[in-house]
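Undergrad: One structure is given below, represented as structure tokens, and several questions about it will come after.
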Protein chains: 2
Amino acid sequence: MAENITKEQEEELIALCAGACAAKYELQKLSTEEKNKALNLIADKLVANSKLLMEKNALDLEYGEKKGISAALMDRLTLNEKRIEDIAEGLRQVAALADPIGEVLEEFERPNGLKMCKVRVPMGVIGIIYESRPNVTADAFALTFKTGNAVVLKGGSDAINSNSAICDIIKAGLKECGINESAIELIRATDRAVTTRFMQMKDYVDVLIPRGSKGLIRSVVENSQIPVIETGAGNCHVYIDKAADTDMAVKLIVNAKTQRLGTCNTAESLVVHKDVLDSVYVEAAKALREKKVVLYGDERANKAFADAETASDEDFYTEYLDLKMSVKTVDDIDEAIAHINKHSTHHSDAIITSDTEAAEKFLNEIDSACVYWNASTRFTDGFEFGFGAEIGISTQKLHARGPMGLKELTSYKYKIKGNGQTRG
Amino acid sequence: MAENITKEQEEELIALCAGACAAKYELQKLSTEEKNKALNLIADKLVANSKLLMEKNALDLEYGEKKGISAALMDRLTLNEKRIEDIAEGLRQVAALADPIGEVLEEFERPNGLKMCKVRVPMGVIGIIYESRPNVTADAFALTFKTGNAVVLKGGSDAINSNSAICDIIKAGLKECGINESAIELIRATDRAVTTRFMQMKDYVDVLIPRGSKGLIRSVVENSQIPVIETGAGNCHVYIDKAADTDMAVKLIVNAKTQRLGTCNTAESLVVHKDVLDSVYVEAAKALREKKVVLYGDERANKAFADAETASDEDFYTEYLDLKMSVKTVDDIDEAIAHINKHSTHHSDAIITSDTEAAEKFLNEIDSACVYWNASTRFTDGFEFGFGAEIGISTQKLHARGPMGLKELTSYKYKIKGNGQTRG
């Protein structure tokens, strides 16, 4: 799997991961004040270096233009003064959040007198593999640093100059605060083989979080020997129950589908109770067509609203991230739940109904991170949940599910105090 | 990686995992009473079928004898009436434990009126790969079933007849209770290629827990595409601080090393402050030699107590699971902590001291699941922690750390109630 990685690359990669690993024990001893001071100082430093950052960013943009990357990607890649100010503001906001490290999660005493204390601690070293957007570099650092972790970043090769410049400024800020600069390490090699080898660094890295496309995430899940938190893919459903209110349904569906097309919490599929095909569904379909959404319906749905394409089985598994939406007709709520549990990526799914019993059944039986009753799926987001930050949205069941904020970047340990207890 | 798996084996494996996956939605709807009734009925059924179980077990023992497996392994493999009664008692104890499913972990309301409820739910399908002991078959079923999960088991080929018989009795019991028999599935193929393929069944299995030798665990960590909870390896340390009481130190060290040799919470290494080499350490060393423990000491340690072997660097990384113990001398507590954090498997480590400041430093800075002050490392155990059960001891930081009981076999989801909220 590690073909093509040179001896120099291997040594460099190990040195970098080992550096982060050595830094983690210093980081977990930092006080909240020390961490916040560093975050604020680095925020100022990023703004003060806006010109340099934009110069480095221009190299990436130039290369991107030559390579012919899409306008959308070029936009995501671009840094300007406003965006650099936003990045800095993000760091300041993380500084303002409560520090979860040291929180006592449980305290209890055993009959033999052992005093048990379960306390929140950093993970150690967090690896993050991500794509284009250079703001993730600063963002990921802020969240992992605030939680006492070291971070090893592997950004997209499209943004390598921007990411390197941001990382260097962060390192300079850490140094100024007397903090180990290896709190952040950036893998600057752009070879895929280096990334694959990085996924095997289980002796140094405690958890790996991929952020980006489905392909990137799949590659990490399949190749990593480090524990992974899978994020991102969202084939989200809205189920129009037979007791759905038409106005609410239209409003929620249009919001869930069109408020922002490219996010993982955007709705991709409508599931419609057969009794409301000709009423609620038709109104929703009209409103969606007005927003230029192309519907891919099954036979019954397209009979009710003909201005639609025919859905293939594949459509029901598709996260369009586009002006498209599949439509499935069901006979009852059980069929709706079975359909959603089969096709969903277990991210976010919603029911629209005024029937409390149906709603409770849906909330209980849908196997997704976030299940909504009469609200848009677009709320699945660390900020909307009040976490004040977000490193990603987990679609797995291990460790964290749904939006991940600071707490989700921590582990715990047991501190146990005795007075000579032995096991009999 | 999946070489040698036949088309039939592949189809069978998929059918079995898909069966468990389909069963999970039924299992999560079972009430606590239904689950407990089934566990108690299955316990009775196992005892009632003791004769059959022992007959099937005899086939495994016969095969083991031919193969020439060790006396220790033959003992672990053996079922008799007492052991079957113990297995049944284990099931009844799990029935008596509180059901964690449905527990509300957090409830809060957002400024926009969204009512958020974070609730404990089953994982879904748990895969467990384990070695010889047939009691694990019943034990793993009890814990996963009580938590509303389906389980797919892959036991050791040495115990295949015993495991099959136990699984069949459990299935019969489930059927009698009207519960989907696929709540438990056993992979009966003994080819290694089937096990490797099983580790790739990420579309069906939510989490994979290996229980057994270091080699088994490494193989799962390296090959699995399913999220893994790493368990087991314990290179546990006891640090004799300069303020250690001699009597307590001798008592704790002898207990931690010799109370049971083959467990992961057994101490494997002594770390000794140089000031107490000639006093506390010598007394501990004498007591250990009386218990036939061979010490592998560094130069300073062996000067203080000569009846010892010379430790190699390798010794400090070794989990002996035997009458052996390494000894490292340090100049101060910082060196002790650095040595332990470097060589430990981050399972359980202890300090013996009457100095509160030293103890707090050790509890804070040792990066292990369980850190003890004046108590034996042997207490790292789900029962000793009061969990009433244990599926294993996690040595990773993701999801669960230390002893894992029922709660550690669960995930959570967010149920969100709105009244028409859309995102602006």
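The chains in the structure tokens are called A, B, ... from first to last as shown; in each chain the residues are counted from 1, and the ligands are counted from 1 in the order shown.
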Counting only C-alpha atoms, a student should be able to say which residues of chain B come within 7 Å of chain A; what is the right answer, written as JSON, numbers by chain?
TA: {"B": [123, 206, 221, 222, 225, 227, 228, 248, 252, 255, 363, 368, 369, 370, 371, 372, 373, 374, 375, 376, 378, 379, 397, 398, 399, 401, 411, 412, 413, 414, 415, 416, 417, 418, 419, 420, 421, 422, 423]}
Undergrad: Any chance you could export the current selection's N, CA and C atoms as a compact mmCIF listing (two decimals), in the first residue's frame?
TA:
# COMPACT_ATOMS: atom_id res chain seq x y z
N MET B 123 -25.82 0.20 19.48
CA MET B 123 -24.87 0.39 18.39
C MET B 123 -25.47 -0.11 17.07
N ASP B 206 -21.43 -2.45 12.81
CA ASP B 206 -21.15 -1.08 13.27
C ASP B 206 -19.86 -0.96 14.05
N VAL B 221 -6.83 -4.73 14.04
CA VAL B 221 -6.55 -3.30 13.89
C VAL B 221 -6.02 -3.01 12.49
N GLU B 222 -5.17 -3.89 11.99
CA GLU B 222 -4.54 -3.62 10.69
C GLU B 222 -5.46 -3.91 9.51
N GLN B 225 -12.02 -2.70 8.32
CA GLN B 225 -12.60 -1.47 7.77
C GLN B 225 -13.78 -1.03 8.63
N PRO B 227 -15.16 0.15 12.33
CA PRO B 227 -14.55 0.76 13.51
C PRO B 227 -14.26 -0.28 14.59
N VAL B 228 -13.05 -0.23 15.14
CA VAL B 228 -12.59 -1.24 16.09
C VAL B 228 -12.44 -0.64 17.48
N MET B 248 3.34 -1.35 52.50
CA MET B 248 2.31 -1.21 51.46
C MET B 248 2.88 -1.57 50.09
N LEU B 252 1.34 -4.44 47.72
CA LEU B 252 0.71 -4.07 46.44
C LEU B 252 1.45 -4.69 45.25
N ASN B 255 0.81 -8.39 44.97
CA ASN B 255 -0.55 -8.61 44.46
C ASN B 255 -0.64 -8.29 42.98
N LEU B 363 -1.12 10.93 38.74
CA LEU B 363 -2.50 10.69 38.28
C LEU B 363 -2.81 11.58 37.07
N SER B 368 -2.73 6.80 30.79
CA SER B 368 -3.28 5.45 30.73
C SER B 368 -4.76 5.46 31.10
N ALA B 369 -5.45 4.40 30.71
CA ALA B 369 -6.89 4.30 30.98
C ALA B 369 -7.17 4.39 32.47
N CYS B 370 -6.36 3.68 33.27
CA CYS B 370 -6.57 3.65 34.71
C CYS B 370 -5.26 3.95 35.41
N VAL B 371 -5.26 4.97 36.23
CA VAL B 371 -4.04 5.34 36.96
C VAL B 371 -4.35 5.26 38.45
N TYR B 372 -3.54 4.47 39.17
CA TYR B 372 -3.80 4.16 40.58
C TYR B 372 -2.81 4.85 41.51
N TRP B 373 -3.32 5.23 42.63
CA TRP B 373 -2.48 5.73 43.73
C TRP B 373 -2.70 4.79 44.91
N ASN B 374 -1.63 4.10 45.30
CA ASN B 374 -1.68 3.18 46.44
C ASN B 374 -2.76 2.09 46.31
N ALA B 375 -2.84 1.52 45.13
CA ALA B 375 -3.73 0.37 44.95
C ALA B 375 -3.16 -0.50 43.83
N SER B 376 -3.56 -1.75 43.82
CA SER B 376 -3.05 -2.72 42.84
C SER B 376 -3.66 -2.48 41.46
N ARG B 378 -4.47 -4.64 39.53
CA ARG B 378 -5.39 -5.75 39.25
C ARG B 378 -6.88 -5.34 39.32
N PHE B 379 -7.15 -4.13 39.80
CA PHE B 379 -8.56 -3.72 39.90
C PHE B 379 -9.17 -3.26 38.58
N LYS B 397 -8.30 5.39 22.77
CA LYS B 397 -8.93 6.58 23.36
C LYS B 397 -10.27 6.91 22.74
N LEU B 398 -10.57 6.29 21.61
CA LEU B 398 -11.82 6.57 20.93
C LEU B 398 -12.95 5.76 21.57
N HIS B 399 -14.06 6.42 21.85
CA HIS B 399 -15.29 5.81 22.34
C HIS B 399 -15.22 5.39 23.81
N ARG B 401 -12.65 3.88 27.17
CA ARG B 401 -11.30 3.67 27.67
C ARG B 401 -11.40 2.90 28.98
N SER B 411 -24.53 3.61 21.64
CA SER B 411 -24.24 4.88 20.99
C SER B 411 -25.33 5.86 21.46
N TYR B 412 -25.50 6.94 20.76
CA TYR B 412 -26.59 7.85 21.09
C TYR B 412 -27.14 8.47 19.82
N LYS B 413 -28.30 9.08 19.92
CA LYS B 413 -28.77 9.89 18.81
C LYS B 413 -29.48 11.11 19.37
N TYR B 414 -29.70 12.09 18.50
CA TYR B 414 -30.44 13.28 18.89
C TYR B 414 -31.85 13.21 18.33
N LYS B 415 -32.84 13.34 19.24
CA LYS B 415 -34.23 13.49 18.80
C LYS B 415 -34.53 14.98 18.93
N ILE B 416 -35.01 15.57 17.86
CA ILE B 416 -35.18 17.02 17.84
C ILE B 416 -36.62 17.37 17.48
N LYS B 417 -37.28 18.10 18.38
CA LYS B 417 -38.68 18.45 18.15
C LYS B 417 -38.80 19.94 17.82
N GLY B 418 -39.47 20.23 16.72
CA GLY B 418 -39.65 21.61 16.33
C GLY B 418 -41.11 21.93 16.09
N ASN B 419 -41.37 23.13 15.64
CA ASN B 419 -42.73 23.49 15.23
C ASN B 419 -42.66 24.31 13.94
N GLY B 420 -41.83 23.81 13.03
CA GLY B 420 -41.74 24.46 11.74
C GLY B 420 -40.47 25.26 11.52
N GLN B 421 -39.46 25.07 12.36
CA GLN B 421 -38.21 25.84 12.24
C GLN B 421 -37.48 25.56 10.91
N THR B 422 -37.07 26.65 10.27
CA THR B 422 -36.20 26.54 9.08
C THR B 422 -34.92 27.32 9.37
N ARG B 423 -33.88 26.98 8.62
CA ARG B 423 -32.59 27.65 8.85
C ARG B 423 -32.49 28.88 7.96
Undergrad: Going by DSSP on the backbone, which residues of stretch 78-263 of chain A come out as alpha helix (DSSP H)? List them as number ranges by chain.
TA: A: 81-96, 135-146, 160-176, 192-198, 214-223, 246-258
Undergrad: I want to know what sits within 8 Å of B:Glu185, based on only C-alpha atoms, with residues of the same chain fewer than 2 positions away left out; could you give that as a PDB file with C-alpha atoms, in the first residue's frame?
TA:
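Dumped everything to result32.pdb:
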ATOM      1  CA  LEU B  16     -25.311 -13.951   8.021  1.00  0.00           C
ATOM      2  CA  CYS B  17     -24.206 -10.317   8.465  1.00  0.00           C
ATOM      3  CA  ALA B  20     -27.979  -9.609  11.949  1.00  0.00           C
ATOM      4  CA  VAL B 151     -23.995  -9.773  17.509  1.00  0.00           C
ATOM      5  CA  VAL B 152     -21.928 -11.603  14.909  1.00  0.00           C
ATOM      6  CA  LEU B 153     -19.387 -13.860  16.574  1.00  0.00           C
ATOM      7  CA  CYS B 167     -25.175 -20.571  19.731  1.00  0.00           C
ATOM      8  CA  SER B 182     -30.404 -13.488  14.020  1.00  0.00           C
ATOM      9  CA  ALA B 183     -29.818 -11.513  17.214  1.00  0.00           C
ATOM     10  CA  ILE B 187     -19.373 -17.591  11.704  1.00  0.00           C
TER      11      ILE B 187
END
Undergrad: For B:Ala243, please output as a tab-separated table (two decimals) with N, CA and C atoms, in the first residue's frame all residues within 10 Å (counting only C-alpha atoms; exclusion window: fewer than 3 positions along the same chain).
TA:
chain	number	residue	atom	x	y	z
B	240	ILE	N	7.52	2.87	42.42
B	240	ILE	CA	7.81	3.04	43.85
B	240	ILE	C	8.45	4.41	44.02
B	246	THR	N	7.13	0.96	52.88
B	246	THR	CA	7.67	-0.35	52.51
B	246	THR	C	6.61	-1.45	52.57
B	273	HIS	N	12.29	4.73	42.36
B	273	HIS	CA	13.05	5.95	42.64
B	273	HIS	C	14.39	5.54	43.26
B	275	ASP	N	16.32	6.69	45.40
B	275	ASP	CA	16.50	6.84	46.84
B	275	ASP	C	15.97	5.65	47.65
B	276	VAL	N	15.10	4.85	47.04
B	276	VAL	CA	14.53	3.73	47.80
B	276	VAL	C	14.93	2.37	47.24
B	280	VAL	N	13.00	0.08	50.07
B	280	VAL	CA	11.71	-0.46	49.63
B	280	VAL	C	11.90	-1.51	48.52
B	352	ILE	N	3.08	4.22	44.18
B	352	ILE	CA	2.99	3.98	45.62
B	352	ILE	C	3.75	5.11	46.30
B	353	THR	N	3.03	5.90	47.04
B	353	THR	CA	3.64	7.06	47.69
B	353	THR	C	2.74	7.58	48.80
B	354	SER	N	3.35	8.26	49.77
B	354	SER	CA	2.55	8.96	50.79
B	354	SER	C	2.58	10.46	50.50
B	355	ASP	N	3.19	10.83	49.38
B	355	ASP	CA	3.33	12.24	49.01
B	355	ASP	C	2.18	12.62	48.06
B	356	THR	N	1.26	13.42	48.58
B	356	THR	CA	0.06	13.78	47.82
B	356	THR	C	0.41	14.50	46.52
B	358	ALA	N	3.13	14.31	44.69
B	358	ALA	CA	3.67	13.35	43.71
B	358	ALA	C	2.53	12.51	43.13
Undergrad: Just give me the gap between atom CA of B:Ala336 and atom CA of B:Ser269 in Å, one decimal is fine.
TA: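 So the two atoms, atom CA of B:Ala336 and atom CA of B:Ser269, lie 11.6 Å apart.
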Undergrad: Could you please determine the separation between atom CA of B:Leu91 and atom CA of B:Asn36 in Å, to one decimal place?
TA: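 Between atom CA of B:Leu91 and atom CA of B:Asn36 the gap is 9.1 Å.
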Undergrad: Would you kindly return, as a list in words, each protein, DNA or RNA residue with an atom no farther than 7 Å from any atom of A:Asp99, considering only C-alpha atoms and excluding same-chain residues fewer than 5 positions away?
TA: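 Neighbouring residues, sequence-local ones excluded: Thr32, Lys146 and Thr147 of chain A.
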Undergrad: So that I can see what lies close to B:Leu288, please list as a ChimeraX atom specification the residues with an atom at most 9 Å from it, counting only C-alpha atoms and leaving out residues fewer than 5 positions away in the same chain.
TA: /B:250,253-254,257-258,283,293-295
Undergrad: Would you mind telling me which residue in B:Arg76, B:His237, B:Lys82, B:Lys292 lies nearest to B:Asp322 when using only C-alpha atoms?
TA: B:Lys292
Undergrad: Would you work out the distance separating atom CA of B:Ala15 from atom CA of B:Glu181, expressed in Å to one decimal?
TA: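 Going from atom CA of B:Ala15 over to atom CA of B:Glu181 covers 13.5 Å.
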Undergrad: Which polymer residues have any atom within 7 Å of an atom of B:Met404, counting only C-alpha atoms, with same-chain residues fewer than 2 positions away left out, as number ranges by chain?
TA: B: 382, 390-394, 400, 402, 406, 408
Undergrad: Per DSSP on the backbone, filter stretch 255-341 of chain B down to the residues in strand (DSSP E) and report them as a list in words.
TA: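 DSSP-assigned strand (DSSP E) residues in stretch 255-341 of chain B: Ala267, Glu268, Ser269, Leu270, Val271, Val272, His273, Val294, Leu295, Tyr296, Gly297, Glu309, Thr310, Lys324, Met325, Ser326, Val327, Lys328, Thr329 and Val330 of chain B.
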Undergrad: Write the residues of the selection above to a file with C-alpha atoms, as a PDB file, in the first residue's frame.
TA:
ATOM      1  CA  ALA B 267       1.922  -5.577  36.607  1.00  0.00           C
ATOM      2  CA  GLU B 268       4.868  -6.323  34.344  1.00  0.00           C
ATOM      3  CA  SER B 269       7.336  -3.632  35.312  1.00  0.00           C
ATOM      4  CA  LEU B 270       8.607  -1.915  38.439  1.00  0.00           C
ATOM      5  CA  VAL B 271       9.886   1.635  38.248  1.00  0.00           C
ATOM      6  CA  VAL B 272      11.932   2.578  41.306  1.00  0.00           C
ATOM      7  CA  HIS B 273      13.051   5.948  42.641  1.00  0.00           C
ATOM      8  CA  VAL B 294      12.456 -13.535  38.065  1.00  0.00           C
ATOM      9  CA  LEU B 295      13.465  -9.878  38.004  1.00  0.00           C
ATOM     10  CA  TYR B 296      15.017  -8.232  34.938  1.00  0.00           C
ATOM     11  CA  GLY B 297      16.700  -5.165  36.370  1.00  0.00           C
ATOM     12  CA  GLU B 309      18.747 -10.940  35.325  1.00  0.00           C
ATOM     13  CA  THR B 310      19.929  -7.997  33.255  1.00  0.00           C
ATOM     14  CA  LYS B 324       8.909 -12.258  35.219  1.00  0.00           C
ATOM     15  CA  MET B 325       9.111  -8.535  35.934  1.00  0.00           C
ATOM     16  CA  SER B 326      11.336  -5.767  34.623  1.00  0.00           C
ATOM     17  CA  VAL B 327      12.876  -3.137  36.932  1.00  0.00           C
ATOM     18  CA  LYS B 328      13.840   0.381  35.916  1.00  0.00           C
ATOM     19  CA  THR B 329      15.593   2.863  38.197  1.00  0.00           C
ATOM     20  CA  VAL B 330      14.795   6.569  37.849  1.00  0.00           C
TER      21      VAL B 330
END
Undergrad: From the options B:Ile42, B:Ala23, B:Ile333, B:Ala233, which residue's atoms come nearest to B:Arg92, counting only C-alpha atoms?
TA: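 The closest residue to B:Arg92 is B:Ile42.
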Undergrad: For A:Pro100, which residue out of A:Phe145, A:Tyr63, A:Phe305, A:Phe383 is the nearest one, using only C-alpha atoms?
TA: A:Phe145
